[in-house]
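Dropping start_26.tsv in here (TSV, C-alpha atoms):
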```
chain	number	residue	atom	x	y	z
B	1	MET	CA	0.00	0.00	0.00
B	2	LYS	CA	1.38	3.38	-1.02
B	3	LYS	CA	2.18	5.63	1.94
B	4	GLN	CA	0.53	9.03	2.34
B	5	PRO	CA	2.42	11.72	0.43
B	6	LEU	CA	2.40	14.28	3.23
B	7	ILE	CA	1.75	14.06	6.97
B	8	ILE	CA	2.15	17.10	9.23
B	9	GLU	CA	1.95	16.58	12.99
B	10	ASN	CA	1.74	19.34	15.61
B	11	LEU	CA	3.81	21.79	13.56
B	12	SER	CA	4.61	25.08	15.28
B	13	LYS	CA	6.93	27.97	14.44
B	14	THR	CA	7.73	31.22	16.25
B	15	TYR	CA	9.86	33.98	14.78
B	16	LEU	CA	12.02	36.17	17.02
B	17	GLN	CA	12.72	39.72	15.86
B	18	ALA	CA	15.08	42.10	17.62
B	19	HIS	CA	13.80	45.69	17.78
B	20	ILE	CA	15.42	48.50	19.78
B	21	GLY	CA	16.91	46.17	22.35
B	22	ARG	CA	13.81	44.02	22.65
B	23	LYS	CA	12.87	40.69	21.10
B	24	ASN	CA	9.41	40.41	19.63
B	25	LYS	CA	7.78	37.03	19.13
B	26	THR	CA	5.51	36.23	16.20
B	27	ARG	CA	3.75	32.86	16.31
B	28	ALA	CA	3.52	31.94	12.63
B	29	LEU	CA	2.16	28.39	13.07
B	30	ARG	CA	0.37	26.87	16.06
B	31	GLY	CA	0.11	23.08	16.24
B	32	VAL	CA	-0.84	22.39	12.63
B	33	ASN	CA	-1.94	18.86	11.68
B	34	LEU	CA	-2.62	17.76	8.10
B	35	LYS	CA	-2.69	14.54	6.07
B	36	LEU	CA	-2.77	14.43	2.28
B	37	GLU	CA	-4.10	11.50	0.30
B	38	ASN	CA	-2.41	10.14	-2.80
B	39	ASN	CA	-3.36	11.80	-6.07
B	40	GLU	CA	-5.31	14.70	-4.59
B	41	ILE	CA	-5.06	18.46	-4.99
B	42	PHE	CA	-5.04	20.03	-1.54
B	43	SER	CA	-5.20	23.78	-1.03
B	44	LEU	CA	-4.16	25.86	1.96
B	45	ILE	CA	-6.08	29.15	1.98
B	46	GLY	CA	-5.73	32.15	4.27
B	47	LEU	CA	-5.34	35.89	4.47
B	48	ASN	CA	-1.92	37.47	3.98
B	49	GLY	CA	0.20	36.72	7.03
B	50	SER	CA	-1.82	33.65	8.00
B	51	GLY	CA	1.24	31.37	7.90
B	52	LYS	CA	0.88	29.74	4.47
B	53	THR	CA	4.44	30.40	3.29
B	54	THR	CA	5.87	29.44	6.67
B	55	ALA	CA	4.06	26.09	6.43
B	56	ILE	CA	5.54	25.46	3.00
B	57	LYS	CA	9.06	26.39	4.13
B	58	LEU	CA	8.75	23.97	7.04
B	59	ILE	CA	7.52	21.17	4.77
B	60	LEU	CA	10.51	21.71	2.49
B	61	GLY	CA	12.98	21.88	5.39
B	62	LEU	CA	14.02	25.44	4.51
B	63	ILE	CA	13.41	26.46	8.13
B	64	HIS	CA	13.18	24.42	11.34
B	65	PRO	CA	10.03	24.02	13.44
B	66	ASP	CA	9.80	24.68	17.16
B	67	THR	CA	7.71	21.54	17.55
B	68	GLY	CA	6.25	18.85	15.32
B	69	LYS	CA	7.35	16.76	12.39
B	70	VAL	CA	6.76	16.34	8.68
B	71	LYS	CA	6.81	13.07	6.74
B	72	ILE	CA	6.81	12.67	2.96
B	73	PHE	CA	5.80	9.18	1.81
B	74	GLY	CA	6.66	7.88	5.27
B	75	ASN	CA	10.14	9.41	5.46
B	76	PRO	CA	11.36	12.52	7.32
B	77	HIS	CA	10.95	15.58	5.09
B	78	PHE	CA	14.68	16.33	5.19
B	79	SER	CA	15.72	12.88	3.94
B	80	SER	CA	17.22	12.45	0.48
B	81	SER	CA	14.33	10.15	-0.46
B	82	SER	CA	11.76	12.83	0.41
B	83	LYS	CA	13.64	15.51	-1.50
B	84	ARG	CA	13.80	13.34	-4.64
B	85	LYS	CA	10.05	12.85	-4.54
B	86	THR	CA	9.20	16.53	-4.03
B	87	GLY	CA	9.03	19.40	-6.52
B	88	TYR	CA	8.69	23.04	-5.43
B	89	LEU	CA	7.40	26.16	-7.15
B	90	PRO	CA	8.02	29.32	-5.09
B	91	GLU	CA	5.63	32.27	-5.14
B	92	MET	CA	8.07	34.36	-7.18
B	93	PRO	CA	10.47	32.09	-9.12
B	94	TYR	CA	13.77	33.87	-9.62
B	95	PHE	CA	16.04	33.18	-12.58
B	96	SER	CA	18.96	35.10	-14.02
B	97	ARG	CA	17.55	36.92	-17.05
B	98	ASN	CA	20.75	36.33	-19.05
B	99	PHE	CA	20.08	32.60	-19.38
B	100	SER	CA	17.67	30.55	-21.46
B	101	PRO	CA	15.24	27.87	-20.19
B	102	VAL	CA	17.50	25.08	-21.45
B	103	GLU	CA	20.50	26.56	-19.64
B	104	ILE	CA	18.53	27.01	-16.42
B	105	LEU	CA	17.18	23.45	-16.51
B	106	LYS	CA	20.58	21.94	-17.34
B	107	PHE	CA	22.07	23.70	-14.33
B	108	TRP	CA	19.18	22.65	-12.07
B	109	GLY	CA	19.41	19.08	-13.35
B	110	SER	CA	23.08	18.91	-12.42
B	111	LEU	CA	22.28	20.14	-8.89
B	112	SER	CA	19.55	17.51	-8.63
B	113	ASP	CA	21.91	14.69	-9.68
B	114	ILE	CA	19.77	13.73	-12.66
B	115	PRO	CA	21.91	11.43	-14.88
B	116	LYS	CA	23.05	13.15	-18.07
B	117	ASP	CA	21.53	10.47	-20.29
B	118	LYS	CA	18.10	11.19	-18.75
B	119	LEU	CA	18.42	14.95	-18.31
B	120	LYS	CA	18.09	15.87	-21.99
B	121	LYS	CA	14.86	13.85	-22.31
B	122	ARG	CA	13.46	15.34	-19.10
B	123	ILE	CA	14.24	18.90	-20.24
B	124	HIS	CA	12.49	18.28	-23.53
B	125	ALA	CA	9.51	16.71	-21.72
B	126	VAL	CA	8.97	19.51	-19.17
B	127	LEU	CA	9.43	22.29	-21.74
B	128	ASN	CA	6.91	20.60	-23.99
B	129	TYR	CA	4.51	20.09	-21.09
B	130	THR	CA	4.69	23.75	-20.02
B	131	SER	CA	4.36	24.99	-23.63
B	132	LEU	CA	7.83	26.55	-23.68
B	133	THR	CA	9.02	24.62	-26.71
B	134	GLY	CA	10.03	27.24	-29.27
B	135	ALA	CA	11.27	29.58	-26.54
B	136	GLU	CA	13.75	27.15	-24.99
B	137	HIS	CA	16.82	29.06	-26.24
B	138	LYS	CA	15.51	32.60	-25.74
B	139	LYS	CA	16.94	34.74	-22.95
B	140	LEU	CA	14.61	35.16	-20.01
B	141	ASN	CA	14.74	38.96	-20.21
B	142	SER	CA	12.12	38.68	-22.95
B	143	PHE	CA	9.78	36.45	-20.89
B	144	SER	CA	6.43	37.55	-19.48
B	145	ARG	CA	5.42	36.86	-15.85
B	146	GLY	CA	3.34	33.91	-17.05
B	147	MET	CA	6.23	32.41	-19.03
B	148	LEU	CA	8.52	32.69	-15.99
B	149	GLN	CA	5.88	30.95	-13.89
B	150	ARG	CA	5.69	28.13	-16.43
B	151	LEU	CA	9.48	27.83	-16.36
B	152	GLY	CA	9.27	27.60	-12.57
B	153	LEU	CA	6.80	24.76	-12.97
B	154	ALA	CA	9.09	23.08	-15.52
B	155	GLN	CA	11.92	23.26	-13.00
B	156	ALA	CA	9.70	21.79	-10.26
B	157	LEU	CA	8.78	18.89	-12.56
B	158	LEU	CA	12.29	18.19	-13.83
B	159	SER	CA	13.01	15.26	-11.51
B	160	ASP	CA	9.50	13.82	-12.12
B	161	PRO	CA	8.45	14.20	-8.45
B	162	GLU	CA	5.41	12.49	-6.95
B	163	LEU	CA	4.52	15.42	-4.67
B	164	LEU	CA	4.37	19.04	-5.83
B	165	ILE	CA	4.46	21.97	-3.39
B	166	LEU	CA	3.25	25.20	-5.02
B	167	ASP	CA	3.33	28.54	-3.18
B	168	GLU	CA	0.68	30.93	-4.59
B	169	PRO	CA	1.09	29.49	-8.13
B	170	MET	CA	-1.53	31.86	-9.61
B	171	GLY	CA	-0.41	35.02	-7.84
B	172	GLY	CA	0.34	37.97	-10.09
B	173	LEU	CA	-0.80	36.22	-13.29
B	174	ASP	CA	-3.23	37.59	-15.84
B	175	PRO	CA	-6.43	35.59	-16.59
B	176	ARG	CA	-4.73	33.56	-19.34
B	177	GLY	CA	-1.82	32.67	-17.06
B	178	ILE	CA	-4.20	31.63	-14.28
B	179	ILE	CA	-6.09	29.32	-16.64
B	180	GLU	CA	-2.82	27.78	-17.86
B	181	ILE	CA	-1.61	26.99	-14.32
B	182	ARG	CA	-5.04	25.65	-13.36
B	183	ASP	CA	-5.06	23.34	-16.39
B	184	HIS	CA	-1.53	22.14	-15.65
B	185	MET	CA	-2.54	21.24	-12.10
B	186	LYS	CA	-5.50	19.20	-13.33
B	187	LYS	CA	-3.34	17.38	-15.88
B	188	LEU	CA	-0.72	16.61	-13.23
B	189	LYS	CA	-3.40	15.02	-11.07
B	190	GLU	CA	-4.46	12.92	-14.07
B	191	ARG	CA	-0.84	11.74	-14.26
B	192	GLY	CA	-1.01	10.53	-10.66
B	193	LYS	CA	0.70	13.45	-8.94
B	194	THR	CA	-0.28	14.84	-5.55
B	195	ILE	CA	-0.38	18.64	-5.27
B	196	PHE	CA	-0.26	20.84	-2.17
B	197	PHE	CA	-0.70	24.53	-2.95
B	198	SER	CA	-1.35	27.76	-1.08
B	199	SER	CA	-3.58	30.46	-2.45
B	200	HIS	CA	-5.68	33.49	-1.63
B	201	ILE	CA	-7.57	33.32	-4.96
B	202	ILE	CA	-10.54	31.38	-3.63
B	203	SER	CA	-12.45	31.37	-6.92
B	204	GLU	CA	-9.62	29.32	-8.43
B	205	VAL	CA	-9.35	27.03	-5.42
B	206	GLU	CA	-13.02	26.16	-5.96
B	207	LYS	CA	-12.24	25.00	-9.50
B	208	VAL	CA	-9.20	22.84	-8.90
B	209	ALA	CA	-8.91	21.59	-5.29
B	210	ASP	CA	-10.25	18.32	-3.86
B	211	ARG	CA	-9.93	19.54	-0.26
B	212	VAL	CA	-9.23	22.87	1.37
B	213	ALA	CA	-7.77	23.87	4.75
B	214	VAL	CA	-8.53	27.31	6.19
B	215	LEU	CA	-5.44	28.69	7.94
B	216	HIS	CA	-5.77	31.78	10.12
B	217	LYS	CA	-3.15	33.26	12.44
B	218	GLY	CA	-1.19	30.03	12.28
B	219	LYS	CA	-4.10	27.70	13.08
B	220	ILE	CA	-6.08	25.33	10.89
B	221	LEU	CA	-9.68	26.35	11.57
B	222	LYS	CA	-11.39	23.90	9.22
B	223	ILE	CA	-10.80	21.36	6.46
B	224	THR	CA	-13.58	21.28	3.90
B	225	GLU	CA	-14.39	20.47	0.29
B	226	PRO	CA	-14.58	23.27	-2.29
B	227	HIS	CA	-17.97	24.52	-3.42
B	228	SER	CA	-19.52	27.56	-5.12
B	229	ARG	CA	-19.84	29.50	-1.83
B	230	LEU	CA	-16.36	28.72	-0.51
B	231	GLU	CA	-15.42	32.40	-0.24
B	232	ASP	CA	-18.46	33.12	1.94
B	233	GLU	CA	-17.67	30.12	4.13
B	234	PHE	CA	-14.02	31.18	4.38
B	235	LEU	CA	-14.92	34.70	5.56
B	236	SER	CA	-17.56	33.33	7.94
B	237	ILE	CA	-15.07	30.91	9.54
B	238	ILE	CA	-12.54	33.69	10.11
B	239	SER	CA	-15.18	36.11	11.41
B	240	GLU	CA	-16.51	33.53	13.86
B	241	HIS	CA	-12.99	32.74	15.07
B	242	GLU	CA	-12.21	36.43	15.61
B	243	LYS	CA	-15.47	36.92	17.54
B	244	ASN	CA	-14.81	33.92	19.79
B	245	SER	CA	-11.21	35.05	20.41
B	246	LYS	CA	-12.24	38.38	21.94
```

Do you think you could lay out the structure here as structure tokens?
Amino acid sequence: MKKQPLIIENLSKTYLQAHIGRKNKTRALRGVNLKLENNEIFSLIGLNGSGKTTAIKLILGLIHPDTGKVKIFGNPHFSSSSKRKTGYLPEMPYFSRNFSPVEILKFWGSLSDIPKDKLKKRIHAVLNYTSLTGAEHKKLNSFSRGMLQRLGLAQALLSDPELLILDEPMGGLDPRGIIEIRDHMKKLKERGKTIFFSSHIISEVEKVADRVAVLHKGKILKITEPHSRLEDEFLSIISEHEKNSK
């Protein structure tokens, strides 16, 4: 039986910030628990500052939690096995504008230890999948925001991961770019991938997610299924929480 792609148990994170001789504490996550099923699209929604990006950084091992643990397909998230099975698209993918997609992906493939005999085929496959064939040798300084986002997705897919972590994948895109990313996510699910993504564009979450977790001030308030009135439910959950917290 295939193990669950992502399990989060009691995950907490507090940031310390020094300011004029004092240390201020910000509790970014508070005892978060989540379990993803294989081949599902799971969305984490919340207002700005709710802790979505912190959660993703903890899953990826980019920062360390105060408490809790993360497992990817049964292994610790920082293990080499987990890293091989995980692809990541940051909110704002950064690439040197003096390089082409092929050059970027060759460099990334070498860092990811993809064998040279497989790398060329993988580069061709991910560029074709993200509709960047024909622009593979163009410098990135001519790329639109949507094209850069697609290149970020191509990079995330290069090692053919089983789990994809996407941080605000539709943020800053025009309507065409949003539709493209949405369609890619659906196709990836059809290919058997599991996707965990954060978003504040609830209308898009309704169209693509299988399950949704509402995160507010570092806490998971509810896990639900998307529906046509998800935005109303989201605002109602937060409003009720704020009222009960007073």

Range 185-224 of chain B residues near range 117-129 of chain B within 12 Å, closest pair each, using all atoms listed in the file, as a tab-separated table:
```
residue	atom	partner	partner_atom	distance
B:Met185	CA	B:Tyr129	CA	11.5
B:Lys187	CA	B:Tyr129	CA	9.8
B:Leu188	CA	B:Tyr129	CA	10.1
```

query: For Glu37 in chain B, which residue among B:Gly49, B:Pro5, B:Gly109, B:Gly134 is the nearest when counting only C-alpha atoms?
result: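 The answer is B:Pro5, which sits nearest to Glu37 in chain B.
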
- prompt: For Ile104 in chain B, which residue among B:Gly152, B:Gly146, B:Gly68, B:Pro161 is the nearest when counting all atoms listed in the file?
  reply: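 Result for the nearest residue to Ile104 in chain B: B:Gly152.
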
field: Nearest candidate to Asp66 in chain B (options B:Arg22, B:Lys106, B:Lys13, B:Lys35; using all atoms listed in the file)
entry: B:Lys13

- request: Return the single residue from B:Ile63, B:Ala55, B:Ile45, B:Ala135 that is closest to Ile165 in chain B, with distances computed using all atoms listed in the file.
  value: B:Ala55

task: For range 229-244 of chain B, list every protein, DNA or RNA residue within 12 Å, evaluated using all atoms listed in the file, and leave out those in the same chain fewer than 6 positions away; present the list as a PyMOL selection string.
output: chain B and resi 44-47+50+200-207+209+211-217+219-223

task: List the neighbours of Asn10 in chain B out to 10 Å using all atoms listed in the file; skip same-chain residues closer than 5 positions along the sequence, and give me the result as a ChimeraX atom specification.
output: /B:29-34,65-70

- prompt: Which residue out of B:Gly192, B:Gly87, B:Gly74, B:Pro101 has the minimum interatomic distance to Leu164 in chain B when only C-alpha atoms are used?
  reply: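 For Leu164 in chain B, the nearest of the given residues is B:Gly87.
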
field: Distance query Phe107 in chain B at most 12 Å, only C-alpha atoms, self and fewer than 3 positions along chain excluded, as a ChimeraX atom specification
entry: /B:95-96,99-104,110-114,116,119-120,123,155,158

- prompt: Lys3 in chain B: which residues within 12 Å, counting only C-alpha atoms, same-chain residues fewer than 5 positions away excluded, as a list of chain:residue names?
  reply: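 So, after excluding close chain neighbours, the residues are B:Lys35, B:Leu36, B:Glu37, B:Asn38, B:Asn39, B:Lys71, B:Ile72, B:Phe73, B:Gly74, B:Asn75, B:Glu162.
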